[in-house]
Structure formats: structure tokens, C-alpha cells
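Shown next, in C-alpha cells, is the structure this report addresses.
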Amino acid sequence: MKRFVVVANRLPVDAGPGGLVSALQPITRSSGGAWVGWTGNPDERPEPFEHEGVHIHPVELSADDIDRYYEGQSNSTIWPLFHDGVEPSVHHRPWRVAYQAVNMRFAEAAAAVAAEGATVWVHDYQLMLVPGMLRELRPDLRIGFFLHIPFPPVELFMQLPRRTDFVRGLLGADLVGFQQPLAAQNFLRLTTQLLGLRPEGERVEYEGRTVTARAFPISIDVSEIDELAADPEVQEEARRLRKDLGGDRRLLLLGVDRLDYTKGIDQRIEAYGELLADGTVSNEEAVLVQVATPSRMRVAQYQQLRERVEREVGRINGEFGDVGRAPLHYLFQSRSRAELVALYLAADIMLVTPLRDGMNLVAKEYVAARRDEGGALVLSEFTGAASELSDAFLVNPYDVDDLKRGINAAIAASPDDLAARMRKMRETVRANDVGRWAKQFLEALG
Ligand code: ADP
Ligand code: G6P
């Protein structure tokens, strides 16, 4: 039985890219806690085991569960709706039923490992019903919930079938955390609209308890990135990358994302294509490297995105490339942390241009890696990170002209200007490490 339990869809074991696991693994390790989650494979439930100092409690998902709960309700209904509806949200009754059943399985697993009076921290949009279910099973627990993705405006949330169930589910927690203050306000407004509750400030009374909704902007493990960036081998790799890409005379632009339609990858590539077409940049002077990690590839909208991106990459390289010199390098691959940091060190301009993103840790990782105070960050206004990194070149990714303006401003900026911006952003990121984020959340949870 454990005093501290993390409940998340994925276990921190071979988890692949994604903000949640990168953020939580260090904390759970240092608190000797347990982690309840899915291995990522169908029909698999190994016995509980230890992994890098964390007690792992696997929850089994069948192929049908993966279809309905994970790819369906989580990633085809909730994910697009909560990201401003940038792709249409799809609704199916069997998905909803499976989501509920799987959430109950997670709640039961958490109830079985948590000691009397333990703290249980539930994560993200896949598990929004768990706090309410867990409260029923174990009223003795302190329950926290953190949503890693945006919480939508009230009008959009209202489209969700059985929307009240989700609000009740979240109200099962003592503390509901969001990336942005506006998200917490949206949630509290919904408690009034759907349940007739009367929030006061950030608190609301529900079934005889007080629930607090507050923003806790997440961050990264700064020392991990800092150590990699200081590693001579990583620095050597960064120099090799630059050399292979055409040396110091060629400006290196970089994008690093899961291949997700919320990331604005196609708009970014379109903007780069236009810069090449109107002669603002040339294949001799600049190169764009886009690392797009495979993600949720069984979901149709992700397959369609892949096709769009690959078509556009081919068009641009065909039109503006030369033998032995391509203007755009597209890597549909996962890369190690060390390789990512080498890319961050090599890049003159980092392009982080999501249409909507709860936070975006890549932006913070880039800043943390630039111990040399070099490099420029072009950042979408529609990321959580933009609230903290206001010294980036902020852009509206829906407006290709504005994207181009932001990239051009980064190209034209003086080294002094860039260093001053990077210094301020580094102060912000270094002062708000993920360890501090977790500490603040857990202190508020009490
Ligand atoms: P999201 O959570 O939507 O994937 P974030 O930017 O918040 O977006 O977090 C992504 C995390 O995944 C970052 O820590 C980033 O370093 C990591 N990541 C992204 N792409 C890759 C990749 N190709 N290989 C390894 N890690 C990656
Ligand atoms: C985002 C979500 C996480 C999710 C990750 C990777 O960061 O907030 O909950 O784990 O993407 O997505 P996946 O579907 O592969 O778990």
C-alpha cells in the first residue's frame, strides 16, 4: 500500500514522447510512489513491478478498449474538442461506454494500491471520470486531478454528449489543476451552468466538500536538459549536425513535435514554402528540419495529417531542392533525449507553432538547452508556454503571413537582441522547474 499514487493512462515505461510522462517520472521516482497505468500494448497485464524507483501497477486494456476508450473517446472525441475543435470531434455511444468502464478499472486499481488517507494524483483527459469514481470507492483519500491539455471554452464543452458526467467526475477531486487561469474559470462556470453550483473565487462547494480549481502551469526537468546540453558528446553531435546540413552559412530552422494536427505542422511548412517561393530565404541560405514523431497512427485524422505533411514536404523539396541539398528534412521518427538536445543546440530558429497546446514543453526544452544564450524561438500565441515566454517571437499560426513575419523577425534580429530575449526566457524557465510545479500542486492539495 502506498502513500502517494499517480494514475495516468500510460505507464512511464517505454512511453515514447509526450509531455505527461516527461513531467511526472522524476517526481514519482523521488517520492517512491506508485504509478497506475497502461503498458501501451493490448491484452497485457504484467504483475506489479519496480521500474527506475517507481512501483508500477499495470491496468489491462483489450484491443477493443484501445479502439473505443483510447483511440475513440479519448483521442477522437475529447482531444479535438478540447483543442478548439481544430478537427471535428466524433461522437459514438460505444466509445463513451468503454471510456466509463475503463475509467472504473483505473479507479479500482488506484483504490487497491492506495494506503488509508493516501494522496492520489490523477492525470489528463483520458481519465476525467476517475476522481468521482475513486471518491465513491475511497472517501478517505486526498484526490488531485491535473489536466495537461487545454480546457475548452464553455460553448465548446457544451457540445460534449453527457457533459455533466465529466464535470461531476472532475469534482470528485479536492484540487483540479489546469495549465491556464482561464481554463480553471471555464470549468467553474460550467459547475454553475450544469449543476447550479455557486463558486466563490477558485473554490466551489459540492456534496459537502470544497473543491478548488486553479492554474498550475507545468514545466520541464531543467537539470536533465541542462546536463545534456553541457555534455561534450551532445555538443559534438550538434556541430556534426550543422556541418552535415551545410555549415554555419546556412541558417537552421527546427520543428520537433508529435505528429499531431494541433501542432500546426502543415501551416509551418506552408509558411516555409512561401518564404522559399517569394525568395525571402533560399535553399543556399536556410534549411528546415522537422522531426515529427509517430503518434496515434491508427486514428484517421492522424493518418490524413501524415499524408498532407508528406505531400507538402515532397512538393517543396521537388520545387526548391538541388542535388545533395534539400531545403526541408522531414524525419518521421522518434529520437533520444540526447539527440533532441543536440538538435536544439544546432538550431538557429526553433519553430513552435501549434494551433492550440495546453503548454508545449518543446519550447521550454529549447530555452533550457540554450546555455549559450543563442538561438531564437518563434512561438504560437495559442500555447500555454506563450504566457510565460513573452520574449519569444509570438505568432498567430492561423495567419501564414504572420508566421512568415515572425520567422523573418527572428532572422533579422541582432545577436544582442536575441541574447537579451533568450536570457529573460531562461530565467523564467529555470525558476519554474517541473519539480516546483509538482511541489506547488501537492502543497495546495494538502
Ligand atoms: P505533447 O505533450 O502534446 O506531445 P509537449 O511539447 O508538451 O507536447 O511534450 C512533448 C514531449 O515529448 C517533450 O518532452 C519532447 O521532448 C518529447 N518529444 C517530442 N518529439 C520527440 C521525439 N521525436 N523523440 C523523443 N521525444 C520527443
Ligand atoms: C499529450 C497528452 C498525454 C499523452 C501524450 C502522448 O502529452 O497530454 O496524456 O500521453 O500526449 O500521447 P499518447 O496518446 O501516445 O499517450
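In the C-alpha cells, chains take the letters A, B, ... in the order shown, each chain's residues start at 1, and ligands count up from 1 in the order shown.
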
task = Identify, on the basis of only C-alpha atoms, every residue whose closest approach to region 317-330 of chain A does not exceed 6 Å; exclude the query and any residue fewer than 4 positions from it along the same chain; express the result as a ChimeraX atom specification.
result = /A:283,287-290

Shell around Leu228 (chain A) at 8 Å using only C-alpha atoms, local window under 6 positions removed, as an mmCIF file with N, CA, C and O atoms, in the first residue's frame:
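Just written: around_11.cif:
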data_model
loop_
_atom_site.group_PDB
_atom_site.id
_atom_site.type_symbol
_atom_site.label_atom_id
_atom_site.label_comp_id
_atom_site.auth_asym_id
_atom_site.auth_seq_id
_atom_site.Cartn_x
_atom_site.Cartn_y
_atom_site.Cartn_z
ATOM 1 N N VAL A 234 27.146 15.600 -26.724
ATOM 2 C CA VAL A 234 25.940 16.211 -27.302
ATOM 3 C C VAL A 234 26.343 17.452 -28.109
ATOM 4 O O VAL A 234 25.845 17.684 -29.224
ATOM 5 N N ALA A 338 18.990 12.878 -25.898
ATOM 6 C CA ALA A 338 20.287 13.481 -26.231
ATOM 7 C C ALA A 338 20.277 14.019 -27.658
ATOM 8 O O ALA A 338 20.795 15.115 -27.930
ATOM 9 N N VAL A 341 18.316 17.260 -27.814
ATOM 10 C CA VAL A 341 19.057 18.400 -27.276
ATOM 11 C C VAL A 341 20.147 18.835 -28.264
ATOM 12 O O VAL A 341 20.379 20.037 -28.455
ATOM 13 N N ALA A 369 17.930 24.410 -23.067
ATOM 14 C CA ALA A 369 19.149 23.877 -23.693
ATOM 15 C C ALA A 369 20.131 24.979 -24.077
ATOM 16 O O ALA A 369 21.328 24.735 -24.190
#

key: Residue neighbourhood Thr39 (chain A), 8 Å, only C-alpha atoms, exclusion window fewer than 3 positions, as a VMD selection string   = chain A and resid 10 to 11 13 44 to 45 58 to 60

task = With a distance cut-off of 9 Å and only C-alpha atoms, select the neighbouring residues of Asn408 (chain A), excluding the residue or stretch itself and same-chain residues fewer than 5 positions from it, and output the selection as a list in words.
result =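 Here the answer would be Leu275, Thr280, Leu403 and Ala413 of chain A.
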
Residues from last step as file, N, CA and C atoms, as a PDB file, in the first residue's frame:
ATOM      1  N   LEU A 275       8.111  31.304 -48.029  1.00  0.00           N
ATOM      2  CA  LEU A 275       9.349  32.089 -47.883  1.00  0.00           C
ATOM      3  C   LEU A 275      10.348  31.712 -48.978  1.00  0.00           C
ATOM      4  N   THR A 280      12.429  35.144 -49.987  1.00  0.00           N
ATOM      5  CA  THR A 280      12.874  35.701 -48.703  1.00  0.00           C
ATOM      6  C   THR A 280      14.006  34.858 -48.124  1.00  0.00           C
ATOM      7  N   LEU A 403       2.945  34.189 -39.510  1.00  0.00           N
ATOM      8  CA  LEU A 403       4.004  33.190 -39.298  1.00  0.00           C
ATOM      9  C   LEU A 403       5.282  33.613 -40.011  1.00  0.00           C
ATOM     10  N   ALA A 413      16.787  39.692 -36.488  1.00  0.00           N
ATOM     11  CA  ALA A 413      17.156  40.229 -35.168  1.00  0.00           C
ATOM     12  C   ALA A 413      18.672  40.214 -34.960  1.00  0.00           C
TER      13      ALA A 413
END

query = How would you write, as a PyMOL selection string, the set of residues no farther than 9 Å from ligand 1 when counting only C-alpha atoms and all ligand atoms?
reply = chain A and resi 16-23+148-149+218-220+256-260+262-263+291-295+331-337+339-341+352+357-365

Please save N, CA and C atoms of the selected residues as a CSV table (one decimal), in the first residue's frame.
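Listing of out-v4.csv after writing:
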chain,number,residue,atom,x,y,z
A,16,GLY,N,7.5,6.6,-24.9
A,16,GLY,CA,7.5,7.4,-26.1
A,16,GLY,C,7.4,8.9,-25.8
A,17,PRO,N,7.2,9.8,-26.7
A,17,PRO,CA,7.2,11.2,-26.5
A,17,PRO,C,5.9,11.6,-25.8
A,18,GLY,N,5.8,12.8,-25.3
A,18,GLY,CA,4.6,13.3,-24.7
A,18,GLY,C,5.0,14.0,-23.4
A,19,GLY,N,4.3,15.1,-23.1
A,19,GLY,CA,4.6,15.9,-22.0
A,19,GLY,C,4.4,15.3,-20.7
A,20,LEU,N,3.3,14.4,-20.6
A,20,LEU,CA,2.9,14.0,-19.2
A,20,LEU,C,4.0,13.1,-18.6
A,21,VAL,N,4.4,12.1,-19.3
A,21,VAL,CA,5.4,11.2,-18.7
A,21,VAL,C,6.7,11.9,-18.4
A,22,SER,N,7.2,12.7,-19.4
A,22,SER,CA,8.4,13.5,-19.2
A,22,SER,C,8.3,14.3,-17.9
A,23,ALA,N,7.1,14.8,-17.6
A,23,ALA,CA,7.0,15.7,-16.4
A,23,ALA,C,6.9,15.0,-15.1
A,148,HIS,N,-3.6,18.1,-18.5
A,148,HIS,CA,-2.4,18.6,-19.2
A,148,HIS,C,-2.7,19.3,-20.5
A,149,ILE,N,-3.9,19.1,-21.0
A,149,ILE,CA,-4.3,19.8,-22.3
A,149,ILE,C,-5.2,21.0,-22.0
A,218,ILE,N,2.6,23.8,-16.1
A,218,ILE,CA,3.6,22.7,-16.0
A,218,ILE,C,4.9,23.1,-16.6
A,219,SER,N,6.0,22.4,-16.2
A,219,SER,CA,7.3,22.8,-16.8
A,219,SER,C,8.1,21.5,-17.0
A,220,ILE,N,9.4,21.7,-17.2
A,220,ILE,CA,10.3,20.6,-17.6
A,220,ILE,C,11.3,20.3,-16.5
A,256,VAL,N,10.1,20.3,-33.7
A,256,VAL,CA,10.1,19.0,-33.0
A,256,VAL,C,8.7,18.8,-32.4
A,257,ASP,N,8.0,17.8,-32.9
A,257,ASP,CA,6.6,17.6,-32.4
A,257,ASP,C,6.2,16.2,-32.5
A,258,ARG,N,5.2,15.7,-31.7
A,258,ARG,CA,4.5,14.6,-32.1
A,258,ARG,C,3.7,14.9,-33.4
A,259,LEU,N,3.6,14.0,-34.3
A,259,LEU,CA,2.8,14.3,-35.5
A,259,LEU,C,1.3,14.4,-35.1
A,260,ASP,N,0.9,15.6,-34.8
A,260,ASP,CA,-0.5,15.9,-34.3
A,260,ASP,C,-1.0,17.1,-35.0
A,262,THR,N,-2.8,19.3,-33.9
A,262,THR,CA,-2.9,20.5,-33.1
A,262,THR,C,-1.6,21.3,-33.2
A,263,LYS,N,-0.5,20.7,-33.7
A,263,LYS,CA,0.8,21.3,-33.6
A,263,LYS,C,1.1,22.3,-34.7
A,291,VAL,N,11.3,17.3,-37.2
A,291,VAL,CA,11.1,15.9,-36.6
A,291,VAL,C,9.7,15.8,-36.1
A,292,ALA,N,9.0,14.8,-36.7
A,292,ALA,CA,7.6,14.6,-36.4
A,292,ALA,C,7.5,13.1,-35.9
A,293,THR,N,7.3,12.9,-34.6
A,293,THR,CA,7.3,11.6,-34.0
A,293,THR,C,5.9,10.9,-34.3
A,294,PRO,N,6.0,9.7,-34.8
A,294,PRO,CA,4.7,9.0,-35.0
A,294,PRO,C,3.8,8.9,-33.7
A,295,SER,N,2.6,9.2,-33.8
A,295,SER,CA,1.7,9.2,-32.7
A,295,SER,C,0.2,8.9,-33.1
A,331,LEU,N,11.7,14.1,-40.7
A,331,LEU,CA,12.1,12.9,-40.0
A,331,LEU,C,10.8,12.4,-39.3
A,332,PHE,N,10.2,11.3,-39.8
A,332,PHE,CA,9.0,10.7,-39.2
A,332,PHE,C,9.6,9.6,-38.3
A,333,GLN,N,10.2,10.1,-37.2
A,333,GLN,CA,10.9,9.2,-36.3
A,333,GLN,C,10.9,9.7,-34.9
A,334,SER,N,11.2,8.8,-34.0
A,334,SER,CA,11.4,9.1,-32.6
A,334,SER,C,12.9,9.3,-32.4
A,335,ARG,N,13.3,10.2,-31.5
A,335,ARG,CA,14.7,10.5,-31.3
A,335,ARG,C,15.0,10.4,-29.8
A,336,SER,N,16.2,10.1,-29.4
A,336,SER,CA,16.5,10.1,-28.0
A,336,SER,C,16.6,11.5,-27.4
A,337,ARG,N,16.5,11.6,-26.1
A,337,ARG,CA,16.6,12.9,-25.5
A,337,ARG,C,17.9,13.6,-25.9
A,339,GLU,N,19.7,13.3,-28.6
A,339,GLU,CA,19.6,13.7,-30.0
A,339,GLU,C,18.8,15.0,-30.1
A,340,LEU,N,17.7,15.0,-29.3
A,340,LEU,CA,16.8,16.2,-29.4
A,340,LEU,C,17.6,17.4,-28.9
A,341,VAL,N,18.3,17.3,-27.8
A,341,VAL,CA,19.1,18.4,-27.3
A,341,VAL,C,20.1,18.8,-28.3
A,352,VAL,N,7.9,26.7,-32.9
A,352,VAL,CA,6.8,26.0,-32.1
A,352,VAL,C,5.5,26.7,-32.4
A,357,ASP,N,-2.3,24.4,-27.8
A,357,ASP,CA,-1.5,23.5,-27.0
A,357,ASP,C,-1.6,23.9,-25.5
A,358,GLY,N,-1.9,22.9,-24.7
A,358,GLY,CA,-2.0,23.2,-23.2
A,358,GLY,C,-0.8,23.9,-22.7
A,359,MET,N,0.4,23.4,-23.0
A,359,MET,CA,1.6,24.1,-22.5
A,359,MET,C,2.6,24.2,-23.7
A,360,ASN,N,3.1,23.1,-24.1
A,360,ASN,CA,4.2,22.8,-25.1
A,360,ASN,C,5.5,22.9,-24.3
A,361,LEU,N,6.0,21.7,-24.1
A,361,LEU,CA,7.3,21.5,-23.4
A,361,LEU,C,8.5,21.7,-24.3
A,362,VAL,N,8.3,21.4,-25.6
A,362,VAL,CA,9.4,21.5,-26.5
A,362,VAL,C,10.0,23.0,-26.4
A,363,ALA,N,9.1,24.0,-26.4
A,363,ALA,CA,9.5,25.4,-26.3
A,363,ALA,C,10.4,25.6,-25.1
A,364,LYS,N,10.0,25.0,-23.9
A,364,LYS,CA,10.8,25.2,-22.7
A,364,LYS,C,12.1,24.4,-22.8
A,365,GLU,N,12.0,23.3,-23.4
A,365,GLU,CA,13.3,22.5,-23.5
A,365,GLU,C,14.3,23.2,-24.4

task = From region 209-297 of chain A, collect each residue whose DSSP state is helix (DSSP H, G or I) and return the set as a VMD selection string.
result = chain A and resid 222 to 230 232 to 244 261 to 263 265 to 277

query = So which bits of region 29-203 of chain A end up strand (DSSP E or B) when you DSSP the backbone, as number ranges by chain?
reply = A: 34-38, 49-51, 54-58, 114-123, 142-146, 175-178, 200, 203

ask   = So which residues touch region 167-175 of chain A within 8 Å, counting only C-alpha atoms, skipping near sequence neighbours fewer than 2 positions away, as a list of chain:residue names?
value =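 Listing them by chain and then by number gives A:Met128, A:Leu129, A:Val130, A:Pro131, A:Gly132, A:Met133, A:Leu134, A:Arg135, A:Arg142, A:Ile143, A:Gly144, A:Phe145, A:Arg163, A:Thr164, A:Asp165, A:Gly177, A:Phe187, A:Leu190, A:Thr191, A:Tyr206, A:Arg209, A:Thr210, A:Val211, A:Thr212, A:Ala213, A:Arg214, A:Ala444, A:Leu445.
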
Export of prior selection with N, CA and C atoms as a compact mmCIF listing (two decimals), in the first residue's frame:
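Generated output (again-v8.txt):
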# COMPACT_ATOMS: atom_id res chain seq x y z
N MET A 128 -10.96 11.51 -16.90
CA MET A 128 -11.70 12.57 -16.22
C MET A 128 -12.80 12.06 -15.28
N LEU A 129 -13.23 10.81 -15.45
CA LEU A 129 -14.26 10.27 -14.54
C LEU A 129 -13.65 9.64 -13.29
N VAL A 130 -12.33 9.41 -13.33
CA VAL A 130 -11.70 8.68 -12.22
C VAL A 130 -11.84 9.37 -10.87
N PRO A 131 -11.65 10.70 -10.76
CA PRO A 131 -11.75 11.29 -9.41
C PRO A 131 -13.10 11.01 -8.75
N GLY A 132 -14.19 11.15 -9.48
CA GLY A 132 -15.52 10.90 -8.91
C GLY A 132 -15.70 9.44 -8.52
N MET A 133 -15.22 8.52 -9.37
CA MET A 133 -15.36 7.09 -9.07
C MET A 133 -14.52 6.71 -7.86
N LEU A 134 -13.32 7.27 -7.80
CA LEU A 134 -12.42 6.96 -6.70
C LEU A 134 -12.96 7.51 -5.37
N ARG A 135 -13.57 8.67 -5.44
CA ARG A 135 -14.17 9.27 -4.24
C ARG A 135 -15.24 8.35 -3.65
N ARG A 142 -7.05 11.79 -0.32
CA ARG A 142 -6.91 13.14 -0.89
C ARG A 142 -6.74 12.91 -2.38
N ILE A 143 -7.59 13.54 -3.18
CA ILE A 143 -7.55 13.27 -4.63
C ILE A 143 -7.26 14.56 -5.38
N GLY A 144 -6.20 14.53 -6.19
CA GLY A 144 -5.89 15.65 -7.07
C GLY A 144 -6.08 15.24 -8.52
N PHE A 145 -6.42 16.20 -9.36
CA PHE A 145 -6.52 15.92 -10.79
C PHE A 145 -5.80 17.03 -11.53
N ARG A 163 -22.05 15.70 -20.99
CA ARG A 163 -21.07 16.66 -20.46
C ARG A 163 -21.09 16.76 -18.93
N THR A 164 -22.29 16.63 -18.34
CA THR A 164 -22.38 16.80 -16.87
C THR A 164 -21.59 15.71 -16.14
N ASP A 165 -21.56 14.49 -16.72
CA ASP A 165 -20.80 13.40 -16.10
C ASP A 165 -19.33 13.79 -15.93
N GLY A 177 -6.42 20.87 -11.24
CA GLY A 177 -5.40 21.77 -11.78
C GLY A 177 -5.48 21.88 -13.30
N PHE A 187 -14.02 25.98 -16.26
CA PHE A 187 -14.53 24.83 -15.52
C PHE A 187 -15.51 25.28 -14.43
N LEU A 190 -18.84 26.24 -15.68
CA LEU A 190 -19.65 25.07 -16.04
C LEU A 190 -20.33 24.45 -14.83
N THR A 191 -19.69 24.53 -13.67
CA THR A 191 -20.34 23.96 -12.47
C THR A 191 -21.62 24.73 -12.15
N TYR A 206 -19.32 21.30 -3.20
CA TYR A 206 -20.01 20.24 -3.94
C TYR A 206 -20.17 19.04 -3.03
N ARG A 209 -18.25 19.04 0.25
CA ARG A 209 -16.80 19.21 0.24
C ARG A 209 -16.46 20.50 -0.50
N THR A 210 -15.23 20.99 -0.28
CA THR A 210 -14.77 22.14 -1.05
C THR A 210 -13.81 21.67 -2.12
N VAL A 211 -14.10 22.04 -3.36
CA VAL A 211 -13.22 21.70 -4.48
C VAL A 211 -12.56 22.99 -4.97
N THR A 212 -11.24 22.92 -5.16
CA THR A 212 -10.51 24.09 -5.64
C THR A 212 -10.09 23.86 -7.10
N ALA A 213 -10.28 24.88 -7.94
CA ALA A 213 -9.82 24.81 -9.34
C ALA A 213 -8.83 25.94 -9.56
N ARG A 214 -7.61 25.60 -9.98
CA ARG A 214 -6.56 26.61 -10.07
C ARG A 214 -5.56 26.24 -11.17
N ALA A 444 -0.76 22.48 -2.42
CA ALA A 444 -2.13 23.00 -2.47
C ALA A 444 -3.14 21.89 -2.21
N LEU A 445 -2.79 20.68 -2.60
CA LEU A 445 -3.69 19.53 -2.36
C LEU A 445 -3.72 19.18 -0.87
